[in-house]
$ cat input24.txt   # compact mmCIF, C-alpha atoms
# COMPACT_ATOMS: atom_id res chain seq x y z
CA MET O 279 100.59 155.06 96.71
CA LYS O 280 102.71 155.46 93.59
CA TYR O 281 104.71 152.30 94.35
CA LEU O 282 101.52 150.40 95.25
CA CYS O 283 100.04 151.18 91.85
CA LYS O 284 103.22 149.97 90.17
CA ALA O 285 103.13 146.76 92.18
CA ARG O 286 99.51 146.16 91.16
CA LEU O 287 100.47 146.61 87.53
CA PHE O 288 103.45 144.23 87.73
CA LEU O 289 101.47 140.96 87.84
CA PRO O 290 99.17 141.65 84.85
CA ILE O 291 102.14 142.96 82.85
CA MET O 292 104.11 139.79 83.63
CA ILE O 293 101.16 137.56 82.66
CA PHE O 294 100.65 139.53 79.43
CA THR O 295 104.35 139.22 78.61
CA ILE O 296 104.23 135.43 79.06
CA LEU O 297 101.07 135.13 76.97
CA VAL O 298 102.72 137.03 74.13
CA SER O 299 106.29 135.71 74.37
CA VAL O 300 105.52 132.00 74.60
CA PRO O 301 103.57 131.82 71.29
CA LEU O 302 106.30 133.92 69.67
CA PHE O 303 108.88 131.46 71.01
CA TRP O 304 106.97 128.59 69.36
CA ILE O 305 106.54 130.48 66.09
CA PHE O 306 110.23 131.25 65.74
CA LEU O 307 111.48 127.80 66.71
CA GLU O 308 114.09 126.78 64.14
CA GLU O 309 112.47 123.36 63.74
CA ASN O 310 109.13 121.96 64.77
CA VAL O 311 110.44 118.54 65.76
CA SER O 312 109.96 116.15 68.62
CA VAL O 313 112.90 116.22 71.01
CA ILE O 314 114.05 113.37 73.24
CA SER O 315 113.74 114.22 76.92
CA ARG O 316 116.56 112.24 78.55
CA ILE O 317 115.22 112.96 82.00
CA GLU O 318 111.76 111.60 81.20
CA ASN O 319 113.08 108.90 78.83
CA ARG O 320 110.51 109.78 76.15
CA SER O 321 109.96 111.86 73.03
CA LEU O 322 108.36 115.26 73.49
CA VAL O 323 105.29 115.95 71.35
CA ALA O 324 105.87 118.25 68.37
CA PHE O 325 103.28 120.72 67.12
CA PRO O 326 101.08 119.16 64.40
CA SER O 327 101.28 120.78 61.00
CA LEU O 328 98.61 121.65 58.48
CA THR O 329 99.34 121.77 54.76
CA PHE O 330 97.56 123.98 52.23
CA ARG O 331 97.61 121.07 49.80
CA ASP O 332 95.51 118.88 52.11
CA PHE O 333 93.08 121.74 52.68
CA LYS O 334 92.77 122.42 48.93
CA THR O 335 92.17 118.73 48.21
CA ALA O 336 89.54 118.49 50.96
CA VAL O 337 87.67 121.51 49.56
CA LYS O 338 87.78 119.95 46.10
CA ARG O 339 86.27 116.72 47.45
CA ILE O 340 83.41 118.73 49.00
CA LEU O 341 82.71 120.42 45.67
CA GLN O 342 82.69 116.96 44.09
CA ALA O 343 80.04 115.87 46.61
CA ARG O 344 82.48 113.52 48.30
CA PRO O 345 82.34 114.84 51.88
CA GLU O 346 83.50 111.60 53.51
CA GLU O 347 86.85 111.79 51.71
CA ALA O 348 87.16 115.47 52.62
CA ASN O 349 86.48 114.64 56.22
CA GLN O 350 89.09 111.88 56.19
CA LEU O 351 91.68 114.04 54.45
CA PHE O 352 91.49 117.17 56.50
CA PHE O 353 88.46 117.98 58.63
CA GLY O 354 88.28 114.73 60.59
CA GLN O 355 91.18 115.73 62.80
CA PHE O 356 89.20 118.82 63.91
CA LEU O 357 85.90 117.03 64.38
CA ASP O 358 87.38 114.29 66.57
CA ARG O 359 89.56 116.89 68.35
CA SER O 360 92.78 114.99 67.57
CA PHE O 361 94.40 118.14 66.15
CA GLN O 362 93.39 120.22 69.16
CA GLN O 363 94.58 117.52 71.56
CA ASN O 364 97.95 117.33 69.81
CA ILE O 365 98.24 121.11 70.05
CA GLU O 366 97.58 120.91 73.80
CA LYS O 367 100.16 118.13 74.30
CA ALA O 368 102.77 119.98 72.25
CA ALA O 369 102.12 123.24 74.09
CA SER O 370 102.76 121.44 77.37
CA ASP O 371 105.86 119.58 76.15
CA GLN O 372 107.39 122.53 74.30
CA PHE O 373 106.76 125.15 76.99
CA PRO O 374 109.96 127.16 77.71
CA VAL O 375 111.83 126.14 80.91
CA ARG O 376 109.20 123.41 81.37
CA LEU O 377 111.51 121.13 83.38
CA ASP O 378 112.49 123.97 85.71
CA LEU O 379 108.83 124.67 86.37
CA ILE O 380 108.19 120.95 86.98
CA ASN O 381 111.03 120.84 89.47
CA ILE O 382 109.60 123.84 91.30
CA ALA O 383 106.14 122.24 91.39
CA LYS O 384 107.62 118.97 92.68
CA TRP O 385 109.52 120.84 95.39
CA VAL O 386 106.27 122.46 96.52
CA ASP O 387 104.63 119.00 96.47
CA ARG O 388 107.32 117.54 98.70
CA GLU O 389 107.16 120.40 101.16
CA VAL O 390 103.39 119.99 101.51
CA ILE O 391 103.75 116.21 101.87
CA SER O 392 106.50 116.55 104.49
CA LEU O 393 104.33 118.92 106.51
CA ALA O 394 101.29 116.61 106.26
CA TYR O 395 103.30 113.58 107.40
CA SER O 396 105.38 115.39 110.04
CA PHE O 397 103.24 114.05 112.90
CA LEU O 398 102.95 110.50 111.54
CA SER O 399 105.27 107.53 112.03
CA ASP O 400 105.07 106.02 108.53
CA PRO O 401 108.44 104.51 107.53
CA ALA O 402 108.12 106.10 104.08
CA ILE O 403 106.19 109.04 102.66
CA PRO O 404 105.01 109.83 99.11
CA ALA O 405 107.78 111.06 96.85
CA ASP O 406 105.27 113.27 95.05
CA ARG O 407 101.53 113.49 94.45
CA THR O 408 101.32 111.73 91.07
CA THR O 409 103.60 108.68 90.67
CA GLY O 410 102.58 106.61 93.68
CA PHE O 411 106.23 106.18 94.69
CA PHE O 412 107.50 106.50 98.25
CA VAL O 413 110.77 107.72 99.72
CA MET O 414 112.14 106.26 102.94
CA ARG O 415 112.23 108.69 105.85
CA ASP O 416 116.04 108.68 105.87
CA LYS O 417 116.02 109.28 102.07
CA SER O 418 118.07 106.13 101.57
CA LEU O 419 115.96 104.81 98.70
CA LEU O 420 112.85 105.26 96.62
CA ILE O 421 110.27 102.46 96.48
CA MET O 422 107.25 101.77 94.31
CA GLY O 423 103.67 101.41 95.46
CA PRO O 424 102.53 97.99 96.69
CA VAL O 425 101.60 95.03 94.52
CA ARG O 426 98.01 94.07 95.31
CA PHE O 427 96.68 90.51 95.72
CA THR O 428 92.94 90.34 95.06
CA GLN O 429 90.34 87.98 93.67
CA ASP O 430 91.01 89.45 90.24
CA THR O 431 94.69 88.63 90.70
CA ARG O 432 93.82 85.00 91.44
CA MET O 433 91.69 84.84 88.30
CA VAL O 434 94.54 86.12 86.14
CA ILE O 435 97.00 83.70 87.76
CA ASP O 436 94.57 80.83 87.05
CA GLU O 437 94.42 81.98 83.43
CA ARG O 438 98.22 82.02 83.21
CA ILE O 439 98.43 78.55 84.78
CA GLU O 440 96.03 77.22 82.12
CA ASN O 441 98.16 78.90 79.45
CA TYR O 442 101.32 77.19 80.72
CA ALA O 443 99.51 73.85 80.91
CA ALA O 444 98.36 74.22 77.29
CA LEU O 445 101.89 74.97 76.11
CA ILE O 446 103.37 72.02 77.99
CA GLU O 447 100.75 69.66 76.61
CA LYS O 448 101.10 70.88 73.02
CA TYR O 449 104.91 70.94 72.99
CA PRO O 450 106.15 68.06 75.19
CA GLU O 451 109.55 68.12 73.48
CA ILE O 452 110.26 71.65 74.80
CA ASN O 453 111.28 72.46 78.38
CA PHE O 454 109.35 75.39 79.88
CA TYR O 455 110.88 77.40 82.73
CA VAL O 456 109.67 80.37 84.75
CA TYR O 457 112.09 82.49 86.75
CA ASN O 458 110.34 84.95 89.04
CA ILE O 459 112.09 88.03 90.39
CA GLN O 460 110.46 89.04 93.65
CA LEU O 461 110.47 92.82 93.95
CA LEU O 462 110.27 94.57 97.30
CA GLN O 463 106.69 95.76 96.76
CA ALA O 464 105.54 92.14 96.29
CA SER O 465 107.34 90.79 99.36
CA GLU O 466 106.63 90.50 103.06
CA TYR O 467 109.44 92.98 103.73
CA TYR O 468 107.81 95.90 101.95
CA PRO O 469 107.75 98.63 104.63
CA MET O 470 104.30 99.94 103.64
CA ASN O 471 102.51 96.59 103.90
CA PRO O 472 100.68 97.50 107.16
CA TYR O 473 98.96 100.40 105.38
CA PHE O 474 97.46 98.31 102.55
CA SER O 475 95.02 95.55 103.47
CA ASP O 476 95.39 93.81 100.09
CA ALA O 477 99.19 94.06 99.83
CA ASP O 478 100.62 91.00 98.09
CA GLN O 479 103.34 90.13 100.65
CA GLY O 480 104.39 87.13 98.56
CA GLN O 481 100.87 85.66 98.26
CA GLY O 482 100.78 85.80 94.47
CA LEU O 483 103.96 83.79 94.06
CA GLU O 484 102.82 81.28 96.68
CA TYR O 485 99.45 80.83 94.97
CA PHE O 486 101.10 80.35 91.57
CA GLU O 487 103.64 77.86 92.91
CA ASN O 488 100.99 75.81 94.69
CA ASN O 489 98.82 75.54 91.57
CA MET O 490 101.26 75.57 88.64
CA PRO O 491 100.99 72.67 86.17
CA ASP O 492 103.19 69.59 86.19
CA GLY O 493 106.10 69.89 83.79
CA LEU O 494 106.73 73.58 84.47
CA PHE O 495 110.10 74.27 86.09
CA LEU O 496 110.07 77.21 88.51
CA GLY O 497 113.02 79.23 89.74
CA LYS O 498 112.64 82.23 91.99
CA MET O 499 114.71 85.01 93.42
CA THR O 500 112.99 85.68 96.74
CA LEU O 501 113.94 88.29 99.30
CA SER O 502 115.00 87.38 102.83
CA SER O 503 115.09 90.89 104.28
CA MET O 504 115.08 94.59 103.46
CA GLU O 505 118.89 94.44 103.45
CA ASP O 506 118.71 91.66 100.89
CA TYR O 507 116.71 93.92 98.60
CA VAL O 508 119.13 96.85 99.01
CA TYR O 509 122.06 94.57 98.13
CA HIS O 510 120.52 93.19 94.93
CA PHE O 511 118.57 96.16 93.57
CA TYR O 512 119.18 99.82 92.78
CA ARG O 513 118.02 102.38 95.34
CA THR O 514 116.62 104.74 92.69
CA ASP O 515 115.60 102.35 89.91
CA HIS O 516 113.15 99.44 89.63
CA HIS O 517 115.77 97.09 88.10
CA TRP O 518 118.23 94.75 89.76
CA ASN O 519 121.85 95.87 90.06
CA ILE O 520 124.93 93.86 89.08
CA TYR O 521 124.69 91.69 92.20
CA GLY O 522 121.04 90.90 91.53
CA ILE O 523 121.87 90.19 87.89
CA LEU O 524 124.63 87.76 88.87
CA ARG O 525 122.47 86.00 91.43
CA GLY O 526 119.71 85.63 88.85
CA TYR O 527 122.14 84.36 86.22
CA ASN O 528 123.57 81.68 88.48
CA GLU O 529 120.16 80.53 89.68
CA ILE O 530 118.82 80.40 86.12
CA HIS O 531 121.94 78.50 85.02
CA ASP O 532 121.21 75.85 87.65
CA LEU O 533 117.55 75.79 86.63
CA LEU O 534 118.29 75.23 82.94
CA ALA O 535 120.97 72.64 83.74
CA ARG O 536 118.28 70.29 85.08
CA ASN O 537 117.48 69.28 81.50
CA TYR O 538 120.76 70.33 79.87
CA SER O 539 123.31 67.87 81.23
CA ASP O 540 126.31 69.13 79.25
CA MET O 541 125.63 72.82 79.85
CA THR O 542 128.92 74.69 80.15
CA PRO O 543 129.83 76.14 83.57
CA ALA O 544 128.46 79.53 84.52
CA LEU O 545 130.65 82.48 83.58
CA ILE O 546 132.49 84.21 86.39
CA PRO O 547 133.09 87.98 86.34
CA GLU O 548 136.68 88.89 85.51
CA ARG O 549 136.33 92.20 87.33
CA TYR O 550 133.83 94.77 88.57
CA VAL O 551 133.90 98.32 87.24
CA THR O 552 132.40 101.44 88.83
CA PHE O 553 132.18 104.69 86.87
CA PRO O 554 133.02 107.41 89.42
CA ASP O 555 131.69 110.30 87.32
CA ILE O 556 128.25 108.73 86.89
CA GLN O 557 125.77 109.71 89.57
CA PHE O 558 123.09 107.20 88.65
CA THR O 559 119.52 108.43 89.15
CA GLY O 560 117.20 105.65 88.06
CA SER O 561 113.63 105.35 86.84
CA LEU O 562 112.00 106.02 90.22
CA ALA O 563 113.99 109.22 90.66
CA ARG O 564 113.44 110.17 87.04
CA LYS O 565 109.65 109.74 87.05
CA SER O 566 109.16 111.47 90.40
CA PHE O 567 111.87 114.13 89.87
CA TYR O 568 113.17 113.17 93.30
CA TYR O 569 116.92 113.56 93.09
CA LEU O 570 118.73 110.68 94.75
CA SER O 571 121.88 109.25 93.22
CA GLU O 572 124.02 106.14 93.56
CA GLU O 573 126.99 104.37 91.99
CA PHE O 574 126.68 102.60 88.66
CA GLU O 575 128.62 99.34 88.86
CA VAL O 576 128.93 96.62 86.20
CA ALA O 577 130.94 93.44 85.60
CA GLU O 578 133.22 92.31 82.78
CA PHE O 579 133.02 88.77 81.38
CA ASP O 580 135.05 86.76 78.88
CA PHE O 581 132.23 85.87 76.48
CA PRO O 582 132.58 83.31 73.71
CA PRO O 583 132.33 85.00 70.28
CA PHE O 584 128.75 85.91 69.36
CA VAL O 585 126.77 88.31 67.20
CA ILE O 586 123.39 89.91 67.89
CA VAL O 587 120.94 90.06 65.00
CA GLU O 588 117.86 92.28 64.77
CA ASP O 589 115.80 92.33 61.57
CA GLY O 590 118.65 90.67 59.70
CA LYS O 591 121.28 93.21 60.82
CA GLU O 592 124.01 92.93 63.42
CA ILE O 593 123.64 95.34 66.33
CA THR O 594 125.33 96.15 69.62
CA GLN O 595 123.11 95.60 72.66
CA ASN O 596 125.64 95.56 75.51
CA HIS O 597 127.82 98.69 75.54
CA PHE O 598 130.55 97.64 77.97
CA ALA O 599 133.44 98.46 75.58
CA ALA O 600 132.04 101.94 74.90
CA TYR O 601 131.63 102.67 78.61
CA LEU O 602 135.15 101.42 79.29
CA ARG O 603 136.45 103.90 76.70
CA GLY O 604 134.61 106.66 78.52
CA ASP O 605 132.03 106.89 75.74
CA TYR O 606 129.00 107.64 77.90
CA GLN O 607 126.98 110.56 79.20
CA THR O 608 126.78 111.74 82.79
CA THR O 609 123.53 113.71 82.51
CA PRO O 610 121.42 113.44 85.68
CA TYR O 611 118.37 111.17 85.36
CA LEU O 612 119.83 109.46 82.28
CA ASN O 613 118.66 105.85 81.88
CA GLN O 614 122.10 104.30 82.41
CA TYR O 615 120.64 100.80 82.84
CA GLY O 616 119.06 100.98 79.39
CA MET O 617 122.04 102.73 77.84
CA PHE O 618 124.48 100.11 79.12
CA TYR O 619 122.50 96.86 78.80
CA GLY O 620 120.55 97.90 75.72
CA SER O 621 117.00 98.99 75.08
CA ASP O 622 113.97 96.69 74.96
CA LYS O 623 113.55 95.02 71.57
CA ALA O 624 110.76 92.95 70.05
CA LEU O 625 113.11 90.18 68.93
CA LEU O 626 116.87 89.65 69.16
CA ASP O 627 118.87 86.62 68.05
CA TYR O 628 122.19 85.92 69.79
CA VAL O 629 124.27 83.56 67.65
CA SER O 630 127.17 82.12 69.65
CA GLU O 631 130.22 80.14 68.56
CA ASN O 632 130.43 77.93 71.65
CA GLY O 633 129.89 74.45 70.22
CA SER O 634 126.34 74.08 71.56
CA GLU O 635 123.54 72.74 69.38
CA ARG O 636 120.71 73.83 71.70
CA ASN O 637 118.53 76.89 71.25
CA LEU O 638 116.90 79.01 73.97
CA LEU O 639 113.94 81.38 73.84
CA ILE O 640 113.77 84.05 76.54
CA ILE O 641 110.42 85.81 76.98
CA GLY O 642 110.84 88.72 79.34
CA SER O 643 110.98 92.41 80.12
CA SER O 644 113.93 94.74 80.58
CA PHE O 645 115.08 92.57 83.50
CA ALA O 646 116.23 90.08 80.85
CA ASN O 647 118.46 92.49 78.94
CA PRO O 648 121.66 92.04 81.01
CA LEU O 649 121.14 88.25 81.18
CA GLU O 650 120.81 87.69 77.43
CA PRO O 651 124.56 87.58 76.58
CA LEU O 652 125.29 85.54 79.71
CA LEU O 653 122.73 82.85 78.87
CA ALA O 654 123.65 83.04 75.18
CA SER O 655 127.14 81.82 76.06
CA HIS O 656 125.61 78.36 76.68
CA TYR O 657 123.43 78.07 73.56
CA PHE O 658 123.79 78.20 69.78
CA HIS O 659 120.82 80.52 69.20
CA THR O 660 119.35 82.54 72.05
CA TYR O 661 116.21 84.40 71.05
CA SER O 662 114.90 87.19 73.23
CA VAL O 663 111.26 88.24 72.80
CA ASP O 664 109.46 91.10 74.55
CA LEU O 665 105.72 90.48 74.18
CA ARG O 666 104.98 94.15 74.86
CA HIS O 667 106.04 94.83 71.26
CA TYR O 668 103.52 92.36 69.83
CA THR O 669 99.75 92.30 69.42
CA ASP O 670 99.52 88.86 67.79
CA PHE O 671 102.57 86.83 68.86
CA SER O 672 102.13 83.18 67.87
CA PHE O 673 104.35 80.66 69.64
CA SER O 674 103.68 77.97 67.02
CA GLN O 675 104.66 80.28 64.18
CA PHE O 676 107.74 81.46 66.04
CA ILE O 677 109.16 77.98 66.72
CA SER O 678 108.38 76.88 63.17
CA GLU O 679 110.84 79.55 62.05
CA HIS O 680 113.13 79.41 65.11
CA PRO O 681 113.21 75.91 66.65
CA VAL O 682 114.06 75.92 70.37
CA ASP O 683 114.78 73.35 73.05
CA ASP O 684 114.15 75.51 76.11
CA VAL O 685 111.79 78.40 76.86
CA LEU O 686 112.47 80.74 79.79
CA ILE O 687 109.85 83.23 80.99
CA LEU O 688 111.82 85.78 83.01
CA GLY O 689 110.64 88.73 85.07
CA ASP O 690 108.69 89.99 88.05
CA ASN O 691 105.10 88.97 88.91
CA PRO O 692 103.31 90.39 85.84
CA VAL O 693 105.71 88.70 83.44
CA SER O 694 105.79 85.43 85.37
CA PHE O 695 102.17 84.88 86.30
CA SER O 696 99.98 87.88 87.24
CA SER O 697 99.28 89.76 84.00
CA ASP O 698 97.24 88.55 81.02
CA LYS O 699 99.34 90.79 78.76
CA TRP O 700 102.08 88.13 78.95
CA ILE O 701 99.90 85.21 77.92
CA ILE O 702 101.64 83.19 75.19
CA ASN O 703 99.38 82.25 72.29
CA PRO O 704 100.10 78.53 71.66
$ encode --input "input24.txt" --output "structure tokens"
Amino acid sequence: MKYLCKARLFLPIMIFTILVSVPLFWIFLEENVSVISRIENRSLVAFPSLTFRDFKTAVKRILQARPEEANQLFFGQFLDRSFQQNIEKAASDQFPVRLDLINIAKWVDREVISLAYSFLSDPAIPADRTTGFFVMRDKSLLIMGPVRFTQDTRMVIDERIENYAALIEKYPEINFYVYNIQLLQASEYYPMNPYFSDADQGQGLEYFENNMPDGLFLGKMTLSSMEDYVYHFYRTDHHWNIYGILRGYNEIHDLLARNYSDMTPALIPERYVTFPDIQFTGSLARKSFYYLSEEFEVAEFDFPPFVIVEDGKEITQNHFAAYLRGDYQTTPYLNQYGMFYGSDKALLDYVSENGSERNLLIIGSSFANPLEPLLASHYFHTYSVDLRHYTDFSFSQFISEHPVDDVLILGDNPVSFSSDKWIINP
């Protein structure tokens, strides 16, 4: 009976200890700053701060019969709950051993999922209960949820087709190209297609190609099998690997050469390099906390001299030399693709000393990052624009400041044709 009473007291004592110790941990933090979570590839939310000066000023405005200013200065954040919401987000992000607890919760998720699917024959099962990702039964790779092809999809594609037609009509002196990267979840080889009645299975690309305007040049990296996907893409990340990058580069080179007769030959890798101490765990593993790893392999090229300019300053976007020196991290879940090929930027200007007088504009997502220096080796200026960083991008204003001969829209379905977020304002 004595030990039973002690056992009954243990749980409330433990809960009380946590309730007291966690706030004390937050109070005595050396700095109240946002910390980068490498695993999640994002900044953690810091606790919001209140200043006595703001409070004093707000009270003064109330005494001066200026309540609107007081509300804006100080009290508004309480009335609209923004302060409380920031507290909640920070409490979640700054909770001690948060990642360990997430890993435990994910492990429980996977055990429940495995039990639920143990009597089913699905080729892949959910990797967790939140991301919508799947893991193959043999744990060989992680895959995303399916791309859907619906009436709404057709409407957006029609809108994108009209946008391309308007650009071609308004700027007949410029060559417009689209290079579509077919991902597994948008192909007929996606293993979960039978379970989704509206799975794309390549229909979106086919519809776009059959209805695209005259004067638009289309290139496409299509899959021929599941093995083809595994060869050209990472098993734990949504991006293409070095072999997919090289295939894309060579196909885009041939596409651009249609209207660029003296385009220099495509670069050939001098060697391939694998970093044996990097166990690459890509975005799919990182977001689902499903630990699968693979090799991280890259290629070395003999580039013509060039500089990369962002906001008037030279930067380094490709970090091959640093990686070759061993200047890299081996932390699990680290975004090696982004660390090596560079992060997404609103606008970059590659200025190359290769004798070319032509200029290229690339509009694309992170799939374009490794291709930028390769394509820049054939142009004088190569501009790279990521429309996700803009709310009011104007093509006419851009080319008035940066004249171009060729425009390449590069990416998967949303970038190429199926999302209105990538519409180019003429």
$ closest_residue --input "input24.txt" --among "O:His517, O:Met414, O:Pro648, O:Thr609" --to "Glu578 of chain O" --atoms "only C-alpha atoms"
O:Pro648
$ closest_residue --input "input24.txt" --among "O:Asn596, O:Ser621, O:Asp492, O:Phe474" --to "Leu445 of chain O" --atoms "all atoms listed in the file"
O:Asp492
$ residues_around --input "input24.txt" --residues "Met499 of chain O" --least-positions-apart "3" --cutoff "9 Å" --atoms "all atoms listed in the file" --output "JSON, numbers by chain"
{"O": [457, 458, 459, 460, 461, 522, 525, 526, 529]}
$ residues_near_point --input "input24.txt" --point "(115.4, 102.2, 101.7)" --cutoff "10 Å" --atoms "all atoms listed in the file" --output "ChimeraX atom specification"
/O:401-402,412-421,468-469,504-505,507-508,512-514
$ closest_residue --input "input24.txt" --among "O:Leu534, O:Leu638, O:Leu562, O:Leu524" --to "Val576 of chain O" --atoms "all atoms listed in the file"
O:Leu524
$ atom_distance --input "input24.txt" --atom1 "atom CA of Ala599 of chain O" --atom2 "atom CA of Leu686 of chain O"
27.8 Å
$ residues_around --input "input24.txt" --residues "segment 693-701 of chain O" --least-positions-apart "6" --cutoff "6 Å" --atoms "only C-alpha atoms" --output "ChimeraX atom specification"
/O:434-435,438,458
$ residues_around --input "input24.txt" --residues "Ile391 of chain O" --least-positions-apart "6" --cutoff "10 Å" --atoms "all atoms listed in the file" --output "JSON list (two decimals) with C-alpha atoms, in the coordinates of the input"
[["chain", "number", "residue", "atom", "x", "y", "z"],
["O", 385, "TRP", "CA", 109.52, 120.84, 95.39],
["O", 403, "ILE", "CA", 106.19, 109.04, 102.66],
["O", 404, "PRO", "CA", 105.01, 109.83, 99.11],
["O", 405, "ALA", "CA", 107.78, 111.06, 96.85],
["O", 406, "ASP", "CA", 105.27, 113.27, 95.05],
["O", 407, "ARG", "CA", 101.53, 113.49, 94.45]]
$ atom_distance --input "input24.txt" --atom1 "atom CA of Glu575 of chain O" --atom2 "atom CA of Leu652 of chain O"
16.9 Å
$ residues_around --input "input24.txt" --residues "Gln614 of chain O" --least-positions-apart "4" --cutoff "9 Å" --atoms "all atoms listed in the file" --output "list in words"
Ile556, Phe558, Thr559, Gly560, Phe574, Tyr606, Gln607, Thr608, Phe618 and Tyr619 of chain O
$ build_atoms --input "input24.txt" --residues "segment 555-576 of chain O" --atoms "N, CA and C atoms" --output "PDB file, in the coordinates of the input"
ATOM      1  N   ASP O 555     132.322 109.034  87.728  1.00  0.00           N
ATOM      2  CA  ASP O 555     131.690 110.300  87.320  1.00  0.00           C
ATOM      3  C   ASP O 555     130.220 110.149  86.968  1.00  0.00           C
ATOM      4  N   ILE O 556     129.681 108.928  87.121  1.00  0.00           N
ATOM      5  CA  ILE O 556     128.250 108.730  86.890  1.00  0.00           C
ATOM      6  C   ILE O 556     127.528 108.735  88.236  1.00  0.00           C
ATOM      7  N   GLN O 557     126.659 109.700  88.420  1.00  0.00           N
ATOM      8  CA  GLN O 557     125.770 109.710  89.570  1.00  0.00           C
ATOM      9  C   GLN O 557     124.426 109.180  89.087  1.00  0.00           C
ATOM     10  N   PHE O 558     124.248 107.872  89.239  1.00  0.00           N
ATOM     11  CA  PHE O 558     123.090 107.200  88.650  1.00  0.00           C
ATOM     12  C   PHE O 558     121.809 107.596  89.372  1.00  0.00           C
ATOM     13  N   THR O 559     120.858 108.128  88.632  1.00  0.00           N
ATOM     14  CA  THR O 559     119.520 108.430  89.150  1.00  0.00           C
ATOM     15  C   THR O 559     118.542 107.662  88.285  1.00  0.00           C
ATOM     16  N   GLY O 560     117.966 106.600  88.845  1.00  0.00           N
ATOM     17  CA  GLY O 560     117.200 105.650  88.060  1.00  0.00           C
ATOM     18  C   GLY O 560     115.774 106.062  87.779  1.00  0.00           C
ATOM     19  N   SER O 561     114.979 105.080  87.331  1.00  0.00           N
ATOM     20  CA  SER O 561     113.630 105.350  86.840  1.00  0.00           C
ATOM     21  C   SER O 561     112.713 105.931  87.914  1.00  0.00           C
ATOM     22  N   LEU O 562     112.862 105.494  89.157  1.00  0.00           N
ATOM     23  CA  LEU O 562     112.000 106.020  90.220  1.00  0.00           C
ATOM     24  C   LEU O 562     112.315 107.478  90.497  1.00  0.00           C
ATOM     25  N   ALA O 563     113.596 107.819  90.486  1.00  0.00           N
ATOM     26  CA  ALA O 563     113.990 109.220  90.660  1.00  0.00           C
ATOM     27  C   ALA O 563     113.585 110.042  89.446  1.00  0.00           C
ATOM     28  N   ARG O 564     113.741 109.443  88.282  1.00  0.00           N
ATOM     29  CA  ARG O 564     113.440 110.170  87.040  1.00  0.00           C
ATOM     30  C   ARG O 564     111.961 110.494  86.931  1.00  0.00           C
ATOM     31  N   LYS O 565     111.097 109.531  87.224  1.00  0.00           N
ATOM     32  CA  LYS O 565     109.650 109.740  87.050  1.00  0.00           C
ATOM     33  C   LYS O 565     109.075 110.656  88.131  1.00  0.00           C
ATOM     34  N   SER O 566     109.675 110.631  89.312  1.00  0.00           N
ATOM     35  CA  SER O 566     109.160 111.470  90.400  1.00  0.00           C
ATOM     36  C   SER O 566     109.917 112.789  90.529  1.00  0.00           C
ATOM     37  N   PHE O 567     111.002 112.956  89.757  1.00  0.00           N
ATOM     38  CA  PHE O 567     111.870 114.130  89.870  1.00  0.00           C
ATOM     39  C   PHE O 567     112.388 114.287  91.299  1.00  0.00           C
ATOM     40  N   TYR O 568     112.605 113.152  91.948  1.00  0.00           N
ATOM     41  CA  TYR O 568     113.170 113.170  93.300  1.00  0.00           C
ATOM     42  C   TYR O 568     114.640 112.812  93.169  1.00  0.00           C
ATOM     43  N   TYR O 569     115.510 113.780  93.392  1.00  0.00           N
ATOM     44  CA  TYR O 569     116.920 113.560  93.090  1.00  0.00           C
ATOM     45  C   TYR O 569     117.623 112.804  94.211  1.00  0.00           C
ATOM     46  N   LEU O 570     117.826 111.507  93.953  1.00  0.00           N
ATOM     47  CA  LEU O 570     118.730 110.680  94.750  1.00  0.00           C
ATOM     48  C   LEU O 570     119.679 110.020  93.765  1.00  0.00           C
ATOM     49  N   SER O 571     120.914 109.837  94.143  1.00  0.00           N
ATOM     50  CA  SER O 571     121.880 109.250  93.220  1.00  0.00           C
ATOM     51  C   SER O 571     122.629 108.110  93.896  1.00  0.00           C
ATOM     52  N   GLU O 572     123.262 107.273  93.066  1.00  0.00           N
ATOM     53  CA  GLU O 572     124.020 106.140  93.560  1.00  0.00           C
ATOM     54  C   GLU O 572     125.081 105.759  92.537  1.00  0.00           C
ATOM     55  N   GLU O 573     125.943 104.829  92.901  1.00  0.00           N
ATOM     56  CA  GLU O 573     126.990 104.370  91.990  1.00  0.00           C
ATOM     57  C   GLU O 573     126.393 103.498  90.887  1.00  0.00           C
ATOM     58  N   PHE O 574     127.062 103.492  89.747  1.00  0.00           N
ATOM     59  CA  PHE O 574     126.680 102.600  88.660  1.00  0.00           C
ATOM     60  C   PHE O 574     127.826 101.615  88.453  1.00  0.00           C
ATOM     61  N   GLU O 575     127.591 100.370  88.868  1.00  0.00           N
ATOM     62  CA  GLU O 575     128.620  99.340  88.860  1.00  0.00           C
ATOM     63  C   GLU O 575     128.215  98.210  87.915  1.00  0.00           C
ATOM     64  N   VAL O 576     129.186  97.709  87.140  1.00  0.00           N
ATOM     65  CA  VAL O 576     128.930  96.620  86.200  1.00  0.00           C
ATOM     66  C   VAL O 576     130.047  95.589  86.322  1.00  0.00           C
TER      67      VAL O 576
END
